[in-house]
$ cat protein_6.txt   # compact mmCIF, C-alpha atoms
# COMPACT_ATOMS: atom_id res chain seq x y z
CA HIS A 850 -25.14 35.22 13.58
CA SER A 851 -21.56 36.30 14.28
CA ALA A 852 -19.41 38.96 12.72
CA ALA A 853 -15.99 40.59 12.91
CA PRO A 854 -14.90 43.95 11.47
CA GLN A 855 -15.01 43.89 7.67
CA ASP A 856 -11.96 46.16 7.36
CA PRO A 857 -9.89 45.13 10.38
CA GLY A 858 -6.45 46.26 9.23
CA ASP A 859 -3.05 44.80 8.48
CA GLY A 860 -2.73 41.03 8.59
CA GLN A 861 -6.17 40.36 9.99
CA VAL A 862 -9.32 38.63 8.83
CA GLY A 863 -12.82 40.06 8.50
CA GLN A 864 -15.43 37.36 9.06
CA ARG A 865 -19.20 37.28 8.90
CA GLN A 866 -21.30 34.17 9.49
CA ASP A 867 -25.08 33.75 9.40
CA SER A 868 -26.89 30.51 10.21
CA LEU A 869 -30.49 29.38 10.09
CA LEU A 870 -31.30 26.02 11.69
CA LEU A 871 -34.56 24.13 11.24
CA ALA A 872 -35.07 20.84 13.11
CA ASP A 873 -37.84 18.48 14.16
CA ASP A 874 -37.89 15.92 16.97
CA ILE A 875 -39.91 12.99 15.62
CA ARG A 876 -41.20 10.51 18.20
CA ILE A 877 -41.48 7.03 16.71
CA ASP A 878 -42.74 5.32 19.88
CA GLU A 879 -42.12 5.46 23.64
CA ARG A 880 -38.48 4.44 23.25
CA TRP A 881 -37.39 5.53 19.78
CA SER A 882 -37.15 9.05 18.34
CA LEU A 883 -35.43 10.82 15.44
CA LEU A 884 -34.02 14.34 15.39
CA ALA A 885 -33.69 15.63 11.83
CA GLY A 886 -32.59 19.08 10.77
CA ALA A 887 -30.99 21.28 8.15
CA ASN A 888 -28.65 24.22 8.69
CA ARG A 889 -28.22 26.99 6.12
CA THR A 890 -24.83 28.63 6.68
CA HIS A 891 -23.60 31.78 4.91
CA LEU A 892 -19.90 32.70 5.19
CA ASP A 893 -18.40 36.01 4.06
CA ASP A 894 -14.65 36.19 4.76
CA LYS A 895 -11.94 38.66 3.79
CA GLY A 896 -8.19 38.30 4.30
CA TYR A 897 -5.80 41.25 4.50
CA SER A 898 -2.09 41.23 3.68
CA ILE A 899 0.27 41.38 6.65
CA SER A 900 2.78 43.43 4.65
CA ASN A 901 0.57 46.32 3.49
CA GLY A 902 -2.96 45.76 4.83
CA SER A 903 -4.52 45.42 1.37
CA LEU A 904 -7.30 42.94 0.65
CA SER A 905 -5.54 39.74 -0.41
CA SER A 906 -8.42 37.25 -0.65
CA SER A 907 -12.13 36.90 -0.08
CA TYR A 908 -15.06 34.55 -0.57
CA ASP A 909 -18.82 34.58 -0.15
CA GLU A 910 -20.21 31.04 0.11
CA GLN A 911 -23.29 29.34 1.47
CA ALA A 912 -24.52 25.77 1.87
CA VAL A 913 -27.34 23.75 3.41
CA THR A 914 -26.10 20.86 5.53
CA PRO A 915 -28.00 18.04 7.28
CA SER A 916 -28.01 16.78 10.86
CA LEU A 917 -29.54 13.48 11.99
CA ALA A 918 -29.73 11.72 15.34
CA LEU A 919 -31.45 8.42 16.12
CA MET A 920 -32.22 8.08 19.85
CA TYR A 921 -33.30 5.14 22.00
CA LYS A 922 -34.37 5.15 25.68
CA PRO A 923 -33.75 1.66 27.11
CA VAL A 924 -34.76 2.61 30.66
CA PRO A 925 -35.91 5.82 32.38
CA GLY A 926 -33.04 8.26 32.81
CA ALA A 927 -30.92 6.75 30.03
CA LEU A 928 -30.52 7.56 26.33
CA VAL A 929 -28.43 5.90 23.61
CA TYR A 930 -27.93 7.76 20.32
CA ALA A 931 -26.17 7.75 16.98
CA SER A 932 -25.73 11.01 15.06
CA TYR A 933 -24.38 12.39 11.80
CA ILE A 934 -23.68 16.08 11.16
CA GLU A 935 -22.25 18.07 8.26
CA ALA A 936 -21.03 21.65 8.62
CA LEU A 937 -19.69 24.40 6.37
CA GLU A 938 -16.68 25.85 8.19
CA GLN A 939 -14.51 28.90 7.62
CA GLY A 940 -11.29 28.25 5.77
CA ASP A 941 -7.88 28.56 7.40
CA THR A 942 -5.77 31.72 7.12
CA ALA A 943 -2.19 31.62 5.83
CA PRO A 944 0.28 32.33 8.66
CA SER A 945 2.65 35.32 8.73
CA THR A 946 5.61 33.13 7.68
CA ALA A 947 3.96 32.03 4.40
CA ALA A 948 4.48 33.73 1.04
CA ASN A 949 0.71 34.32 0.84
CA SER A 950 0.40 35.50 4.45
CA GLY A 951 -3.09 36.64 5.40
CA GLU A 952 -4.82 34.80 2.54
CA VAL A 953 -8.10 33.17 3.56
CA LEU A 954 -8.63 29.71 2.09
CA GLU A 955 -11.97 28.57 0.72
CA PRO A 956 -14.44 27.15 3.26
CA TYR A 957 -14.61 23.39 3.66
CA LEU A 958 -17.24 20.83 4.52
CA SER A 959 -16.63 18.78 7.66
CA THR A 960 -18.53 15.68 8.77
CA GLN A 961 -18.96 14.18 12.23
CA TYR A 962 -20.20 10.75 13.30
CA GLU A 963 -20.97 10.13 16.96
CA LEU A 964 -22.18 7.17 19.00
CA GLY A 965 -22.95 7.85 22.63
CA ALA A 966 -25.02 7.47 25.75
CA LYS A 967 -26.46 9.82 28.35
CA PHE A 968 -27.67 8.68 31.75
CA THR A 969 -28.59 10.06 35.17
CA LEU A 970 -27.52 8.71 38.56
CA GLY A 971 -29.07 10.57 41.47
CA GLN A 972 -28.42 14.26 40.79
CA LEU A 973 -25.51 13.64 38.41
CA ASP A 974 -25.82 13.55 34.61
CA PHE A 975 -23.22 11.61 32.62
CA LYS A 976 -22.36 11.48 28.93
CA ALA A 977 -19.97 9.16 27.09
CA ALA A 978 -19.34 9.16 23.34
CA LEU A 979 -17.17 7.90 20.51
CA PHE A 980 -16.69 10.35 17.64
CA ARG A 981 -15.08 10.64 14.22
CA ILE A 982 -14.56 14.00 12.49
CA GLU A 983 -13.39 14.41 8.89
CA LYS A 984 -12.23 17.78 7.56
CA ASP A 985 -9.91 19.35 5.00
CA SER A 986 -6.23 20.00 5.70
CA ALA A 987 -3.90 22.84 4.81
CA TYR A 988 -0.13 23.22 4.98
CA THR A 989 2.79 25.42 3.87
CA ASP A 990 4.69 23.95 0.93
CA PRO A 991 8.41 23.84 1.90
CA VAL A 992 9.51 24.71 -1.66
CA SER A 993 7.13 27.50 -2.69
CA ASN A 994 6.36 28.61 0.91
CA VAL A 995 2.69 28.94 -0.13
CA TYR A 996 0.00 27.96 2.36
CA SER A 997 -2.83 26.08 0.65
CA ALA A 998 -5.55 23.44 1.12
CA ASP A 999 -4.17 19.93 0.89
CA GLY A 1000 -5.83 16.59 1.48
CA ARG A 1001 -7.97 15.40 4.36
CA GLN A 1002 -7.59 14.78 8.09
CA VAL A 1003 -9.52 12.49 10.43
CA HIS A 1004 -10.01 12.93 14.19
CA ARG A 1005 -11.11 9.88 16.18
CA GLY A 1006 -11.80 10.19 19.87
CA VAL A 1007 -13.57 9.35 23.08
CA GLU A 1008 -15.16 11.83 25.44
CA PHE A 1009 -16.73 11.58 28.87
CA SER A 1010 -18.40 14.32 30.90
CA PHE A 1011 -20.53 14.77 34.00
CA THR A 1012 -22.39 17.56 35.76
CA GLY A 1013 -24.67 17.86 38.77
CA ARG A 1014 -24.92 18.25 42.53
CA LEU A 1015 -23.08 16.09 45.02
CA SER A 1016 -24.88 17.82 47.87
CA GLU A 1017 -27.11 20.81 48.54
CA ARG A 1018 -24.07 23.09 48.51
CA LEU A 1019 -21.56 21.35 46.22
CA THR A 1020 -21.87 21.34 42.41
CA LEU A 1021 -19.35 19.63 40.12
CA LEU A 1022 -18.81 19.39 36.38
CA GLY A 1023 -15.96 17.96 34.41
CA GLY A 1024 -14.77 15.43 31.91
CA PHE A 1025 -12.02 14.40 29.55
CA SER A 1026 -11.49 13.56 25.90
CA THR A 1027 -8.75 11.78 23.98
CA VAL A 1028 -8.10 12.38 20.29
CA ASP A 1029 -6.20 10.41 17.67
CA ALA A 1030 -5.84 12.73 14.67
CA GLU A 1031 -4.02 12.07 11.41
CA ARG A 1032 -3.74 13.26 7.85
CA THR A 1033 -5.21 10.53 5.69
CA ARG A 1034 -4.58 12.17 2.31
CA SER A 1035 -2.03 14.71 1.05
CA ASP A 1036 -0.17 15.69 -2.13
CA ASN A 1037 2.96 15.49 0.03
CA ALA A 1038 3.48 11.80 0.87
CA ALA A 1039 5.63 12.73 3.89
CA LEU A 1040 2.57 14.22 5.62
CA VAL A 1041 0.31 11.17 5.31
CA GLY A 1042 -0.13 9.57 8.72
CA LYS A 1043 1.15 12.65 10.56
CA THR A 1044 -0.85 14.46 13.25
CA PRO A 1045 -2.21 17.91 12.27
CA GLN A 1046 -0.71 20.92 14.01
CA ALA A 1047 -2.10 22.16 17.35
CA VAL A 1048 -4.35 19.14 17.99
CA PRO A 1049 -3.81 18.05 21.63
CA ASP A 1050 -3.77 14.34 22.37
CA TRP A 1051 -6.10 14.79 25.34
CA LEU A 1052 -8.09 17.36 27.31
CA ALA A 1053 -9.45 17.26 30.84
CA ARG A 1054 -11.40 19.63 33.06
CA LEU A 1055 -12.81 19.66 36.58
CA TYR A 1056 -14.81 22.58 37.97
CA GLY A 1057 -16.71 22.93 41.23
CA GLU A 1058 -18.78 25.40 43.19
CA TYR A 1059 -19.48 25.41 46.92
CA ALA A 1060 -22.09 27.63 48.57
CA LEU A 1061 -20.54 28.82 51.84
CA PRO A 1062 -22.97 28.28 54.74
CA ALA A 1063 -21.66 31.20 56.81
CA VAL A 1064 -22.66 33.83 54.22
CA PRO A 1065 -25.87 33.18 52.24
CA GLY A 1066 -25.35 34.02 48.57
CA LEU A 1067 -21.54 33.63 48.66
CA VAL A 1068 -20.18 30.85 46.44
CA LEU A 1069 -16.58 29.64 46.16
CA SER A 1070 -15.54 28.29 42.75
CA ALA A 1071 -12.44 26.37 41.69
CA GLY A 1072 -11.34 24.80 38.44
CA LEU A 1073 -8.52 22.74 36.98
CA SER A 1074 -8.02 22.10 33.28
CA HIS A 1075 -5.32 20.36 31.26
CA THR A 1076 -4.52 20.52 27.56
CA GLY A 1077 -2.17 17.80 26.37
CA ALA A 1078 0.87 18.13 24.16
CA ALA A 1079 0.45 18.99 20.47
CA TRP A 1080 2.66 19.11 17.40
CA ALA A 1081 3.89 22.53 16.26
CA ASP A 1082 4.77 21.60 12.68
CA ASP A 1083 3.38 19.52 9.82
CA LEU A 1084 6.13 16.88 9.93
CA ASN A 1085 5.74 16.35 13.70
CA THR A 1086 9.33 17.25 14.62
CA LYS A 1087 8.52 20.05 17.10
CA SER A 1088 5.86 20.01 19.79
CA TYR A 1089 4.10 22.21 22.33
CA PRO A 1090 4.16 20.86 25.90
CA GLY A 1091 0.97 20.14 27.80
CA VAL A 1092 -0.50 22.98 29.86
CA THR A 1093 -2.38 22.82 33.17
CA VAL A 1094 -4.37 25.83 34.40
CA GLY A 1095 -6.02 26.29 37.79
CA ASP A 1096 -8.34 29.04 38.92
CA LEU A 1097 -10.20 30.22 42.02
CA GLY A 1098 -13.14 32.56 42.26
CA LEU A 1099 -15.92 34.01 44.41
CA ARG A 1100 -19.47 34.87 43.41
CA TYR A 1101 -21.88 36.80 45.60
CA VAL A 1102 -25.58 37.08 44.87
CA SER A 1103 -27.66 39.59 46.79
CA SER A 1104 -30.48 42.06 46.26
CA LEU A 1105 -30.15 45.73 45.41
CA ALA A 1106 -33.26 47.95 45.33
CA GLY A 1107 -35.40 44.83 44.99
CA HIS A 1108 -33.38 43.42 42.08
CA LYS A 1109 -31.23 40.30 42.09
CA THR A 1110 -27.64 41.56 41.91

$ encode --input "protein_6.txt" --output "C-alpha cells"
Amino acid sequence: HSAAPQDPGDGQVGQRQDSLLLADDIRIDERWSLLAGANRTHLDDKGYSISNGSLSSSYDEQAVTPSLALMYKPVPGALVYASYIEALEQGDTAPSTAANSGEVLEPYLSTQYELGAKFTLGQLDFKAALFRIEKDSAYTDPVSNVYSADGRQVHRGVEFSFTGRLSERLTLLGGFSTVDAERTRSDNAALVGKTPQAVPDWLARLYGEYALPAVPGLVLSAGLSHTGAAWADDLNTKSYPGVTVGDLGLRYVSSLAGHKT
C-alpha cells in the first residue's frame, strides 16, 4: 500500500495505491518449477490544476493482473527462467506547459516478458536477462497543446547484475542495462519510431563496502553510477546529457546499552 496526500495543493497529484498479491511456487520435479500469481491493484488518483489548485481530473480503477514464471535448474547453483507479467500502472500527468496542465490520464496496462539466468560462482551471485516491456504512450499535441494518451511504446533491453563478497571484508554489487525504446504506434505519424522522452539508453552502477580492520564495526562505502543520455522531447530533437554520480560514506555499528546501534 502506498499513498500521497489527497488534497496536495496547486499543480500536484494525490495518489493512493493498494495491492494484494497471491502467488504459489509449484514444483514440477527436481529441476522444473512454476511460479504463478495474481495481483489485485487499486488506483485512486486526483490531479489538481497548476493555475488555481482546483481538482481537474480523477479516476478510481482496479484490475487483477497475472504473473507467470517457468524455472529450470540445469545444475546446482544455476537457474534459467522465462516470465510474463502484467501490471496496472498510474497514468501520466500533463506537464505545466500543456493546456490541460495537472490532468491525470487514465491508468494503463503494461506487459513485460523476460528471459534470464541466475547463477552463483563462489560467493558471488550473477543475473543476466533479456526483457521486453510494452506500455501506453502520451504526448502533447503541437496544435491543441493538450497532453493525452497516444499509441504504444516498446522497451527492449539487456541487463546484467552481480552481488556478493570478494573477501571477508570486501562486498561488491553492481550491474548495467541497455535499453532500446521506441514508439510503435501513434496518431501522429512523425512520432512512430521515435524514442520516448526521458528514457536513458543505458544505466550502470558499481557499489562496494569495505570493513576497516583497524576499527571493528567501521565500514567504508563507495559508489559510482551512470545514467546515459535521454531525449527531452517527443520528436527527439533535444536531449539530456548523461550523468555520472559518485559517493563516499562511512557506517559504524556498535552497541549502546546492550542494543545494536

$ residues_around --input "protein_6.txt" --residues "Ala918 of chain A" --least-positions-apart "3" --cutoff "12 Å" --atoms "all atoms listed in the file" --output "count of residues only"
25

$ closest_residue --input "protein_6.txt" --among "A:Leu1097, A:Ala1047, A:Val1102, A:Ala987" --to "Thr1076 of chain A" --atoms "only C-alpha atoms"
A:Ala1047

$ closest_residue --input "protein_6.txt" --among "A:Ala1063, A:Val1003, A:Leu1073, A:Leu1040" --to "Thr1086 of chain A" --atoms "all atoms listed in the file"
A:Leu1040

$ residues_around --input "protein_6.txt" --residues "Glu938 of chain A" --least-positions-apart "3" --cutoff "12 Å" --atoms "only C-alpha atoms" --output "list in words"
Gln864, Arg865, Gln866, Asp867, Ser868, Arg889, Thr890, His891, Leu892, Asp893, Asp894, Glu910, Gln911, Ala912, Val913, Thr914, Glu935, Asp941, Leu954, Glu955, Pro956, Tyr957, Leu958, Ser959, Thr960, Glu983, Lys984 and Asp985 of chain A

$ write_last_selection --input "protein_6.txt" --atoms "C-alpha atoms" --output "short mmCIF file (atom, residue, chain, number, x, y, z; two decimals), in the coordinates of the input"
data_model
loop_
_atom_site.label_atom_id
_atom_site.label_comp_id
_atom_site.auth_asym_id
_atom_site.auth_seq_id
_atom_site.Cartn_x
_atom_site.Cartn_y
_atom_site.Cartn_z
CA GLN A 864 -15.43 37.36 9.06
CA ARG A 865 -19.20 37.28 8.90
CA GLN A 866 -21.30 34.17 9.49
CA ASP A 867 -25.08 33.75 9.40
CA SER A 868 -26.89 30.51 10.21
CA ARG A 889 -28.22 26.99 6.12
CA THR A 890 -24.83 28.63 6.68
CA HIS A 891 -23.60 31.78 4.91
CA LEU A 892 -19.90 32.70 5.19
CA ASP A 893 -18.40 36.01 4.06
CA ASP A 894 -14.65 36.19 4.76
CA GLU A 910 -20.21 31.04 0.11
CA GLN A 911 -23.29 29.34 1.47
CA ALA A 912 -24.52 25.77 1.87
CA VAL A 913 -27.34 23.75 3.41
CA THR A 914 -26.10 20.86 5.53
CA GLU A 935 -22.25 18.07 8.26
CA ASP A 941 -7.88 28.56 7.40
CA LEU A 954 -8.63 29.71 2.09
CA GLU A 955 -11.97 28.57 0.72
CA PRO A 956 -14.44 27.15 3.26
CA TYR A 957 -14.61 23.39 3.66
CA LEU A 958 -17.24 20.83 4.52
CA SER A 959 -16.63 18.78 7.66
CA THR A 960 -18.53 15.68 8.77
CA GLU A 983 -13.39 14.41 8.89
CA LYS A 984 -12.23 17.78 7.56
CA ASP A 985 -9.91 19.35 5.00
#

$ atom_distance --input "protein_6.txt" --atom1 "atom CA of Thr1110 of chain A" --atom2 "atom CA of Pro1062 of chain A"
19.0 Å

$ closest_residue --input "protein_6.txt" --among "A:Ser986, A:Ser1026, A:Ser906, A:Thr1020" --to "Val1068 of chain A" --atoms "all atoms listed in the file"
A:Thr1020

$ atom_distance --input "protein_6.txt" --atom1 "atom CA of Asn949 of chain A" --atom2 "atom CA of Ala1030 of chain A"
26.5 Å

$ atom_distance --input "protein_6.txt" --atom1 "atom CA of Thr989 of chain A" --atom2 "atom CA of Ser1035 of chain A"
12.1 Å

$ residues_around --input "protein_6.txt" --residues "Ala948 of chain A" --least-positions-apart "6" --cutoff "9 Å" --atoms "only C-alpha atoms" --output "list in words"
Thr989, Ser993, Asn994, Val995 and Tyr996 of chain A

$ closest_residue --input "protein_6.txt" --among "A:Leu979, A:Ala1038, A:Leu1105, A:Ala1053" --to "Thr1093 of chain A" --atoms "only C-alpha atoms"
A:Ala1053

$ residues_around --input "protein_6.txt" --residues "Ala1071 of chain A" --least-positions-apart "6" --cutoff "7 Å" --atoms "all atoms listed in the file" --output "list in words"
Tyr1056, Gly1057, Glu1058, Asp1096, Leu1097 and Gly1098 of chain A

$ closest_residue --input "protein_6.txt" --among "A:Pro1090, A:Asn888, A:Leu1015, A:Thr969" --to "Ala1078 of chain A" --atoms "all atoms listed in the file"
A:Pro1090

$ residues_near_point --input "protein_6.txt" --point "(-16.4, 8.7, 31.6)" --cutoff "8 Å" --atoms "all atoms listed in the file" --output "MDAnalysis selection string"
chainID A and resid 975:977 1008:1011 1024:1025

$ write_last_selection --input "protein_6.txt" --atoms "C-alpha atoms" --output "PDB file, keeping the file's coordinate frame"
ATOM      1  CA  PHE A 975     -23.220  11.610  32.620  1.00  0.00           C
ATOM      2  CA  LYS A 976     -22.360  11.480  28.930  1.00  0.00           C
ATOM      3  CA  ALA A 977     -19.970   9.160  27.090  1.00  0.00           C
ATOM      4  CA  GLU A1008     -15.160  11.830  25.440  1.00  0.00           C
ATOM      5  CA  PHE A1009     -16.730  11.580  28.870  1.00  0.00           C
ATOM      6  CA  SER A1010     -18.400  14.320  30.900  1.00  0.00           C
ATOM      7  CA  PHE A1011     -20.530  14.770  34.000  1.00  0.00           C
ATOM      8  CA  GLY A1024     -14.770  15.430  31.910  1.00  0.00           C
ATOM      9  CA  PHE A1025     -12.020  14.400  29.550  1.00  0.00           C
TER      10      PHE A1025
END

$ closest_residue --input "protein_6.txt" --among "A:Thr1012, A:Ser1074, A:Gln1002, A:Ser903" --to "Val1041 of chain A" --atoms "only C-alpha atoms"
A:Gln1002

$ residues_around --input "protein_6.txt" --residues "Thr1044 of chain A" --least-positions-apart "3" --cutoff "12 Å" --atoms "only C-alpha atoms" --output "MDAnalysis selection string"
chainID A and resid 986 1001:1005 1028:1034 1039:1041 1047:1050 1078:1088

$ decode --input "protein_6.txt" --residues "segment 909-1021 of chain A" --atoms "C-alpha atoms" --output "short mmCIF file (atom, residue, chain, number, x, y, z; two decimals), in the first residue's frame"
data_model
loop_
_atom_site.label_atom_id
_atom_site.label_comp_id
_atom_site.auth_asym_id
_atom_site.auth_seq_id
_atom_site.Cartn_x
_atom_site.Cartn_y
_atom_site.Cartn_z
CA ASP A 909 -10.72 5.21 -9.33
CA GLU A 910 -9.78 1.97 -11.12
CA GLN A 911 -8.84 -1.56 -10.20
CA ALA A 912 -7.71 -4.69 -12.05
CA VAL A 913 -6.44 -8.20 -11.44
CA THR A 914 -3.30 -9.00 -13.41
CA PRO A 915 -1.35 -12.27 -13.80
CA SER A 916 2.30 -13.16 -13.31
CA LEU A 917 3.93 -16.38 -14.51
CA ALA A 918 7.48 -17.71 -14.38
CA LEU A 919 8.73 -21.08 -15.61
CA MET A 920 12.05 -22.02 -13.97
CA TYR A 921 14.63 -24.72 -14.73
CA LYS A 922 17.71 -25.71 -12.68
CA PRO A 923 20.24 -27.34 -15.05
CA VAL A 924 22.94 -27.71 -12.38
CA PRO A 925 23.24 -26.80 -8.69
CA GLY A 926 23.65 -23.05 -8.22
CA ALA A 927 22.12 -22.15 -11.59
CA LEU A 928 18.60 -21.21 -12.68
CA VAL A 929 17.15 -20.41 -16.11
CA TYR A 930 13.72 -18.79 -16.31
CA ALA A 931 11.12 -17.26 -18.59
CA SER A 932 8.50 -14.90 -17.15
CA TYR A 933 5.45 -12.88 -18.15
CA ILE A 934 3.93 -10.10 -16.02
CA GLU A 935 1.05 -7.66 -16.46
CA ALA A 936 0.63 -4.57 -14.29
CA LEU A 937 -1.91 -1.78 -13.86
CA GLU A 938 0.12 1.43 -13.65
CA GLN A 939 -0.75 5.01 -12.76
CA GLY A 940 -1.40 7.28 -15.70
CA ASP A 941 0.91 10.14 -16.64
CA THR A 942 0.25 13.73 -15.52
CA ALA A 943 0.04 16.59 -18.01
CA PRO A 944 3.08 18.90 -17.67
CA SER A 945 2.87 22.57 -16.68
CA THR A 946 3.34 23.70 -20.31
CA ALA A 947 0.24 21.83 -21.56
CA ALA A 948 -3.22 23.38 -21.91
CA ASN A 949 -4.57 20.71 -19.54
CA SER A 950 -1.70 21.03 -17.05
CA GLY A 951 -2.10 18.87 -13.96
CA GLU A 952 -4.62 16.49 -15.56
CA VAL A 953 -4.06 12.85 -14.62
CA LEU A 954 -4.51 10.42 -17.50
CA GLU A 955 -6.31 7.11 -17.11
CA PRO A 956 -4.20 4.18 -15.84
CA TYR A 957 -2.74 1.80 -18.39
CA LEU A 958 -1.88 -1.87 -18.57
CA SER A 959 1.78 -2.70 -19.17
CA THR A 960 3.23 -6.11 -20.02
CA GLN A 961 6.73 -7.47 -19.53
CA TYR A 962 8.42 -10.54 -21.00
CA GLU A 963 11.75 -11.67 -19.59
CA LEU A 964 14.20 -14.47 -20.34
CA GLY A 965 17.12 -14.82 -17.97
CA ALA A 966 19.54 -16.82 -15.91
CA LYS A 967 20.84 -16.68 -12.35
CA PHE A 968 23.97 -18.45 -11.19
CA THR A 969 26.45 -18.49 -8.31
CA LEU A 970 30.24 -18.56 -8.54
CA GLY A 971 31.94 -18.80 -5.16
CA GLN A 972 30.38 -16.07 -3.03
CA LEU A 973 29.15 -14.01 -5.99
CA ASP A 974 25.62 -14.17 -7.41
CA PHE A 975 25.07 -13.16 -11.04
CA LYS A 976 21.95 -12.42 -13.07
CA ALA A 977 21.59 -11.81 -16.81
CA ALA A 978 18.32 -11.17 -18.64
CA LEU A 979 16.69 -10.07 -21.86
CA PHE A 980 13.45 -8.13 -21.44
CA ARG A 981 10.65 -6.53 -23.45
CA ILE A 982 8.19 -4.06 -21.91
CA GLU A 983 5.08 -2.74 -23.66
CA LYS A 984 3.15 0.24 -22.30
CA ASP A 985 0.94 3.13 -23.39
CA SER A 986 2.36 6.45 -24.58
CA ALA A 987 1.30 10.04 -24.06
CA TYR A 988 2.34 13.30 -25.72
CA THR A 989 1.43 16.98 -26.08
CA ASP A 990 -0.31 17.75 -29.36
CA PRO A 991 1.59 20.64 -31.04
CA VAL A 992 -1.65 22.17 -32.40
CA SER A 993 -4.06 21.94 -29.46
CA ASN A 994 -1.30 21.86 -26.78
CA VAL A 995 -3.32 19.14 -25.00
CA TYR A 996 -1.45 16.30 -23.30
CA SER A 997 -3.20 12.97 -23.87
CA ALA A 998 -2.70 9.21 -24.21
CA ASP A 999 -1.48 8.24 -27.65
CA GLY A 1000 -0.37 4.90 -29.02
CA ARG A 1001 2.06 2.37 -27.62
CA GLN A 1002 5.76 2.17 -26.80
CA VAL A 1003 8.09 -0.82 -26.54
CA HIS A 1004 11.27 -1.09 -24.45
CA ARG A 1005 13.72 -3.86 -25.34
CA GLY A 1006 16.83 -4.37 -23.27
CA VAL A 1007 19.56 -6.40 -21.67
CA GLU A 1008 20.55 -6.30 -18.03
CA PHE A 1009 23.36 -7.83 -16.02
CA SER A 1010 23.95 -7.62 -12.27
CA PHE A 1011 26.09 -9.18 -9.57
CA THR A 1012 26.37 -9.08 -5.79
CA GLY A 1013 28.43 -10.84 -3.15
CA ARG A 1014 31.70 -10.94 -1.22
CA LEU A 1015 35.11 -10.85 -2.82
CA SER A 1016 36.73 -11.37 0.57
CA GLU A 1017 35.85 -11.41 4.25
CA ARG A 1018 35.94 -7.61 4.33
CA LEU A 1019 35.02 -6.54 0.77
CA THR A 1020 31.46 -6.66 -0.59
CA LEU A 1021 30.54 -5.56 -4.12
#
